[in-house]
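Text of entry.txt (compact mmCIF, C-alpha atoms and all ligand atoms) as supplied:
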# COMPACT_ATOMS: atom_id res chain seq x y z
CA MET J 1 185.84 83.47 97.58
CA ALA J 2 184.84 80.15 99.06
CA HIS J 3 181.71 80.93 101.01
CA GLY J 4 181.55 78.88 104.18
CA ALA J 5 178.38 77.80 105.91
CA ASP J 6 178.09 80.97 107.98
CA ASP J 7 178.95 83.41 105.26
CA ARG J 8 175.87 85.32 104.24
CA ARG J 9 177.52 88.25 102.49
CA GLY J 10 175.25 89.60 99.85
CA ALA J 11 172.36 87.49 101.09
CA GLN J 12 168.99 88.62 99.83
CA TYR J 13 166.19 87.63 102.10
CA SER J 14 163.13 87.21 99.98
CA SER J 15 159.63 87.12 101.33
CA PRO J 16 159.26 84.00 103.42
CA PRO J 17 156.69 81.45 102.31
CA CYS J 18 153.79 81.12 104.71
CA PHE J 19 154.97 77.80 106.18
CA MET J 20 158.34 79.20 107.24
CA HIS J 21 157.44 79.07 110.96
CA GLU J 22 157.05 75.28 110.65
CA LEU J 23 160.49 74.78 109.15
CA GLU J 24 162.66 77.25 110.95
CA GLY J 25 165.38 75.74 113.10
CA HIS J 26 165.02 72.18 111.84
CA ALA J 27 164.98 72.53 108.09
CA ASP J 28 167.80 70.30 106.97
CA ARG J 29 168.11 67.26 104.77
CA GLU J 30 166.90 64.93 107.51
CA THR J 31 163.49 66.60 107.37
CA PRO J 32 161.17 63.81 106.24
CA ALA J 33 159.51 64.29 102.87
CA ASP J 34 156.07 65.76 103.39
CA PRO J 35 154.06 65.99 100.17
CA ALA J 36 151.99 69.03 101.25
CA GLN J 37 155.09 70.87 102.41
CA TRP J 38 157.02 69.89 99.26
CA ALA J 39 154.23 71.37 97.13
CA ASP J 40 154.68 74.69 98.96
CA VAL J 41 158.47 74.52 98.66
CA ARG J 42 158.23 73.72 94.97
CA ARG J 43 156.00 76.73 94.35
CA TRP J 44 158.34 78.93 96.35
CA ARG J 45 161.42 77.62 94.46
CA LYS J 46 159.77 78.30 91.11
CA ALA J 47 159.15 81.95 91.98
CA GLU J 48 162.61 82.33 93.51
CA ARG J 49 164.27 80.84 90.39
CA GLU J 50 162.42 83.30 88.18
CA ARG J 51 163.47 86.25 90.33
CA LEU J 52 167.12 85.14 90.51
CA ILE J 53 167.42 84.40 86.79
CA GLU J 54 165.84 87.74 85.91
CA ASP J 55 168.29 89.57 88.21
CA ARG J 56 171.20 87.66 86.69
CA LEU J 57 170.18 88.45 83.13
CA ALA J 58 170.13 92.16 84.05
CA ILE J 59 173.89 92.12 84.75
CA SER J 60 175.87 93.88 81.99
CA ALA J 61 178.17 91.84 79.77
CA GLU J 62 181.14 93.78 81.13
CA ALA J 63 180.27 93.11 84.78
CA ARG J 64 179.61 89.45 83.96
CA GLY J 65 183.03 89.19 82.30
CA ASN J 66 184.76 90.75 85.29
CA MET J 67 182.93 88.51 87.74
CA SER J 68 183.64 85.40 85.64
CA ALA J 69 187.37 86.26 85.73
CA ALA J 70 187.21 86.69 89.52
CA ILE J 71 185.41 83.34 89.88
CA ALA J 72 188.07 81.65 87.69
CA ALA J 73 190.79 83.07 89.96
CA GLY J 74 188.86 81.83 92.99
CA LEU J 75 188.65 78.34 91.50
CA ASP J 76 192.42 78.26 91.03
CA THR J 77 192.92 79.22 94.67
CA ALA J 78 190.38 76.67 95.88
CA ILE J 79 191.43 73.73 93.67
CA GLY J 80 195.21 74.07 93.40
CA GLY J 81 196.95 71.52 91.17
CA LEU J 82 195.03 70.36 88.11
CA ARG J 83 197.33 67.73 86.62
CA GLY J 84 195.57 64.41 86.20
CA ARG J 85 192.26 65.68 87.57
CA THR J 86 189.05 65.67 85.54
CA ILE J 87 186.82 68.67 86.09
CA SER J 88 183.25 68.89 84.90
CA LEU J 89 182.38 72.41 83.73
CA TYR J 90 179.36 73.60 81.73
CA TRP J 91 178.49 75.51 78.57
CA PRO J 92 177.10 78.83 79.93
CA PHE J 93 173.55 80.03 79.27
CA ARG J 94 171.02 82.43 80.83
CA GLY J 95 173.78 84.68 82.20
CA GLU J 96 175.80 82.00 84.02
CA PRO J 97 179.49 82.81 84.66
CA ASP J 98 181.51 82.09 81.53
CA LEU J 99 184.40 79.81 82.52
CA ARG J 100 185.27 78.58 79.02
CA GLY J 101 188.56 80.51 79.02
CA TRP J 102 189.43 78.95 82.35
CA ALA J 103 188.60 75.50 80.90
CA ALA J 104 191.24 76.01 78.20
CA GLY J 105 193.75 76.83 80.97
CA VAL J 106 192.82 73.64 82.84
CA VAL J 107 193.71 71.57 79.77
CA GLU J 108 196.98 73.52 79.25
CA ARG J 109 197.91 72.74 82.85
CA GLY J 110 197.40 69.00 82.41
CA GLY J 111 193.84 68.63 83.67
CA GLY J 112 190.88 67.10 81.90
CA VAL J 113 187.60 68.88 81.22
CA ALA J 114 184.18 67.31 80.80
CA LEU J 115 180.73 68.76 80.11
CA PRO J 116 177.42 67.46 81.49
CA VAL J 117 174.98 65.87 79.07
CA VAL J 118 171.24 65.43 79.63
CA ILE J 119 170.44 61.95 78.31
CA GLU J 120 166.82 62.07 79.37
CA LYS J 121 164.71 64.20 81.72
CA ALA J 122 164.44 62.79 85.26
CA ARG J 123 167.64 60.73 84.73
CA PRO J 124 171.19 61.41 85.97
CA LEU J 125 173.52 63.45 83.76
CA VAL J 126 176.50 61.82 82.10
CA PHE J 127 179.82 63.60 81.63
CA ARG J 128 181.61 63.67 78.28
CA SER J 129 185.23 64.59 77.91
CA TYR J 130 185.79 67.92 76.13
CA ARG J 131 188.83 69.81 74.85
CA PRO J 132 188.46 73.36 73.51
CA GLY J 133 187.82 73.13 69.77
CA ASP J 134 186.10 69.72 69.97
CA ARG J 135 182.95 69.31 67.92
CA LEU J 136 179.76 70.13 69.80
CA GLU J 137 176.18 69.14 69.04
CA LYS J 138 172.88 70.47 70.35
CA GLY J 139 171.58 68.51 73.30
CA VAL J 140 168.34 68.75 75.27
CA TRP J 141 167.20 72.41 75.68
CA ASN J 142 169.67 73.20 72.86
CA ILE J 143 172.60 73.11 75.30
CA PRO J 144 175.80 72.37 73.32
CA VAL J 145 177.37 69.06 74.35
CA PRO J 146 180.52 67.28 73.09
CA ALA J 147 179.56 65.24 70.02
CA ASP J 148 182.32 62.63 70.26
CA GLY J 149 183.70 62.90 73.82
CA ALA J 150 184.20 59.71 75.84
CA GLU J 151 182.09 59.28 78.95
CA VAL J 152 184.18 60.05 82.06
CA LEU J 153 183.74 60.29 85.84
CA PRO J 154 184.84 63.72 87.09
CA ASP J 155 186.98 64.20 90.20
CA ILE J 156 185.54 67.71 90.58
CA VAL J 157 182.09 68.91 89.53
CA ILE J 158 181.66 72.65 88.99
CA ALA J 159 177.93 73.27 89.33
CA PRO J 160 176.48 76.56 88.04
CA LEU J 161 173.78 77.75 90.39
CA VAL J 162 170.61 79.75 90.22
CA GLY J 163 170.77 80.26 93.98
CA PHE J 164 172.78 79.03 96.97
CA ASP J 165 172.06 79.16 100.65
CA ALA J 166 173.95 79.55 103.89
CA LYS J 167 174.44 75.76 104.16
CA ASN J 168 175.72 75.44 100.58
CA PHE J 169 172.53 73.91 99.24
CA ARG J 170 172.00 74.61 95.56
CA LEU J 171 168.97 75.89 93.71
CA GLY J 172 169.22 74.92 90.04
CA TYR J 173 166.84 75.11 87.10
CA GLY J 174 164.46 72.61 88.67
CA GLY J 175 165.29 69.47 86.70
CA GLY J 176 166.91 67.76 89.70
CA PHE J 177 169.81 66.75 87.46
CA PHE J 178 172.76 67.47 89.73
CA ASP J 179 171.16 65.86 92.79
CA ARG J 180 170.20 62.75 90.83
CA THR J 181 173.69 62.56 89.33
CA LEU J 182 175.54 62.94 92.63
CA ALA J 183 173.28 60.34 94.23
CA ALA J 184 174.05 57.88 91.40
CA LEU J 185 177.84 58.36 90.96
CA PRO J 186 180.00 55.43 92.14
CA ARG J 187 182.34 57.82 94.00
CA LYS J 188 181.48 61.29 95.24
CA PRO J 189 183.37 64.07 93.45
CA LEU J 190 184.31 67.40 95.04
CA VAL J 191 181.31 69.62 94.25
CA ILE J 192 181.95 73.34 93.84
CA GLY J 193 179.06 75.71 93.16
CA VAL J 194 179.79 78.81 91.08
CA GLY J 195 177.68 81.92 90.83
CA TYR J 196 177.48 85.59 91.70
CA SER J 197 177.18 86.81 95.29
CA MET J 198 173.78 88.32 94.39
CA GLN J 199 172.47 84.73 94.08
CA SER J 200 172.88 84.12 97.80
CA ILE J 201 169.63 83.35 99.65
CA ALA J 202 169.01 82.47 103.30
CA THR J 203 167.72 78.93 102.65
CA ILE J 204 166.39 76.81 99.78
CA TYR J 205 164.26 74.83 102.31
CA PRO J 206 166.37 71.71 101.71
CA GLN J 207 164.52 68.46 101.07
CA PRO J 208 165.79 64.89 101.55
CA HIS J 209 166.92 64.71 97.89
CA ASP J 210 169.02 67.90 98.05
CA ILE J 211 172.76 67.22 98.35
CA PRO J 212 174.86 70.14 99.65
CA MET J 213 177.87 71.39 97.69
CA ASP J 214 181.30 71.26 99.30
CA PHE J 215 181.66 75.02 98.85
CA VAL J 216 180.64 77.93 96.66
CA VAL J 217 182.93 80.28 94.72
CA THR J 218 181.65 83.75 93.80
CA GLU J 219 183.34 86.91 92.54
CA ILE J 220 184.03 88.00 96.13
CA PRO J 221 187.44 86.78 97.35
CA GLY J 222 186.90 84.52 100.35
N1 LIG W 301 175.09 75.58 81.55
C1 LIG W 301 174.46 74.59 82.16
N2 LIG W 301 174.42 73.39 81.61
C2 LIG W 301 173.73 72.39 82.24
C3 LIG W 301 173.09 72.59 83.48
C4 LIG W 301 173.16 73.88 84.06
O1 LIG W 301 172.62 74.15 85.15
N3 LIG W 301 173.85 74.86 83.37
N4 LIG W 301 172.41 71.54 84.07
C5 LIG W 301 172.19 71.38 85.41
O2 LIG W 301 171.38 70.64 85.85
C6 LIG W 301 171.92 70.48 83.17
C7 LIG W 301 170.71 71.02 82.40
N5 LIG W 301 169.68 71.36 83.30
C8 LIG W 301 168.54 72.04 82.94
C9 LIG W 301 167.41 71.86 83.71
C10 LIG W 301 166.23 72.49 83.35
C11 LIG W 301 166.17 73.34 82.25
C12 LIG W 301 164.93 74.00 81.85
O3 LIG W 301 164.90 74.80 80.94
N6 LIG W 301 163.82 73.64 82.46
C13 LIG W 301 162.50 74.16 82.11
C14 LIG W 301 161.45 73.62 83.07
C15 LIG W 301 161.86 72.38 83.79
C16 LIG W 301 160.72 71.53 84.22
O4 LIG W 301 160.04 71.91 85.21
O5 LIG W 301 160.49 70.48 83.59
C17 LIG W 301 162.48 75.66 82.16
O6 LIG W 301 163.22 76.25 82.96
O7 LIG W 301 161.71 76.24 81.39
C18 LIG W 301 167.33 73.54 81.52
C19 LIG W 301 168.50 72.90 81.87
C20 LIG W 301 173.03 70.08 82.26
N7 LIG W 301 173.67 71.20 81.61
N1 LIG W 302 168.10 61.61 93.69
C1 LIG W 302 166.87 61.87 93.22
N2 LIG W 302 166.00 60.87 92.94
C2 LIG W 302 164.77 61.12 92.46
N3 LIG W 302 164.29 62.36 92.23
C3 LIG W 302 165.09 63.39 92.48
C4 LIG W 302 166.42 63.21 92.98
N4 LIG W 302 166.99 64.43 93.11
C5 LIG W 302 166.06 65.33 92.71
N5 LIG W 302 164.93 64.73 92.34
C6 LIG W 302 163.69 65.38 91.87
O1 LIG W 302 163.98 66.40 90.91
C7 LIG W 302 163.04 67.46 91.01
C8 LIG W 302 163.71 68.84 91.00
O2 LIG W 302 164.49 68.99 92.16
P1 LIG W 302 165.10 70.40 92.60
O3 LIG W 302 164.03 71.41 92.81
O4 LIG W 302 166.02 70.14 93.76
O5 LIG W 302 165.95 70.82 91.28
P2 LIG W 302 167.27 71.69 91.07
O6 LIG W 302 168.36 71.18 91.96
O7 LIG W 302 166.89 73.10 91.21
O8 LIG W 302 167.59 71.37 89.52
P3 LIG W 302 168.95 71.09 88.65
O9 LIG W 302 169.84 70.17 89.45
O10 LIG W 302 168.46 70.42 87.40
O11 LIG W 302 169.61 72.34 88.34
C9 LIG W 302 162.25 67.20 92.27
O12 LIG W 302 160.97 66.74 91.90
C10 LIG W 302 163.04 66.14 92.99
O13 LIG W 302 162.21 65.31 93.77

Exercise: express the given structure as structure tokens:
Amino acid sequence: MAHGADDRRGAQYSSPPCFMHELEGHADRETPADPAQWADVRRWRKAERERLIEDRLAISAEARGNMSAAIAAGLDTAIGGLRGRTISLYWPFRGEPDLRGWAAGVVERGGGVALPVVIEKARPLVFRSYRPGDRLEKGVWNIPVPADGAEVLPDIVIAPLVGFDAKNFRLGYGGGFFDRTLAALPRKPLVIGVGYSMQSIATIYPQPHDIPMDFVVTEIPG
């Protein structure tokens, strides 16, 4: 379930962008920022996001439910004890795995749950404590966020992904929120990406701002 760096099961190799020959073999986060190249990567990411989100929305509710349950089981295996640990989850949208049932179990087992809150575009997220049943309010993009939860620093961040690559780099919705947040946190949490194996891609063409996840959990036992 935890996909290591060399695990490419289910990888879908999309059409390479035209500049691929320039990047191959040395595309990692030490690659210096190159504005012309970044413009190409940004265009490529936009198209890739659209394709991946469309594919994800085509999954039936039943299959999504089964895969969400398998991902929850994989998280238990990967994380182990929950007592005293604060885990940031997310309120699912656009076909993301639904881990809200698992969140209730985390609280029952003595862990804390938090949800990410967009304070402002192009700023880091904050995390607000959440217990199932707590009052929610509509945040930016109408994403429900805890209305009264205290701001907390998570020990573990569960990051829903639009795509993930062989080096555990994450493609998100394009707001740069998770990368900005991880760069700004006073101590680095354990970062676990969650998604479906069909969201695996060969590379996201990582840029200096992209921070890799510690590992990725999908519905396929690892
Ligand atoms: N369920 C869930 N909650 C989450 C996240 C997530 O990935 N999943 N986030 C993880 O970061 C944050 C929200 N991130 C988001 C980033 C962009 C868009 C969005 O709709 N963007 C526009 C275009 C963006 C732009 O280019 O300005 C769009 O897609 O139309 C939505 C949410 C916090 N909460
Ligand atoms: N630490 C950072 N400081 C400043 N800008 C950043 C930082 N991290 C990301 N960005 C900017 O955010 C924008 C979106 O980045 P990217 O394409 O990596 O988004 P994403 O990871 O898919 O989105 P999200 O995390 O919201 O799901 C880029 O313009 C990028 O330069």

| task | Find the residue from J:Leu153, J:Leu190, J:Ile79, J:Ala39 that sits nearest to Asp214 of chain J; use only C-alpha atoms when measuring. | result | J:Leu190

| How would you write, as a VMD selection string, the set of residues no farther than 7 Å from ligand LIG 301 (chain W) when counting all atoms listed in the file? | chain J and resid 90 to 93 96 116 to 118 125 141 143 159 to 161 172 to 178

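Picture a line from atom CA of Leu171 of chain J to atom CA of Val191 of chain J; it runs 13.9 Å.
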
| task | Would you please work out which residue, of J:Ala73, J:Gly81, J:Asp179, J:Pro189, is nearest to Arg123 of chain J when using only C-alpha atoms? | result |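 Among the listed residues, J:Asp179 lies closest to Arg123 of chain J.
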
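Within 7 Å of Gly84 of chain J, once all atoms listed in the file are used and residues closer than 2 positions along the same chain are dropped, the contacting residues are Leu82, Thr86, Gly110, Gly111 and Gly112 of chain J.
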
| Atomic distance atom CA of Glu151 of chain J - atom CA of Ala114 of chain J, expressed in Å with one decimal |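 Straight-line distance from atom CA of Glu151 of chain J to atom CA of Ala114 of chain J works out to 8.5 Å.
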
Give the padded box for ligand LIG 302 (chain W) as AutoDock Vina command-line options: axis-aligned, covering all atoms listed in the file, 4 Å on each side, centre and edge lengths in Å to one decimal.
--center_x 165.4 --center_y 67.0 --center_z 90.6 --size_x 16.9 --size_y 20.2 --size_z 14.4
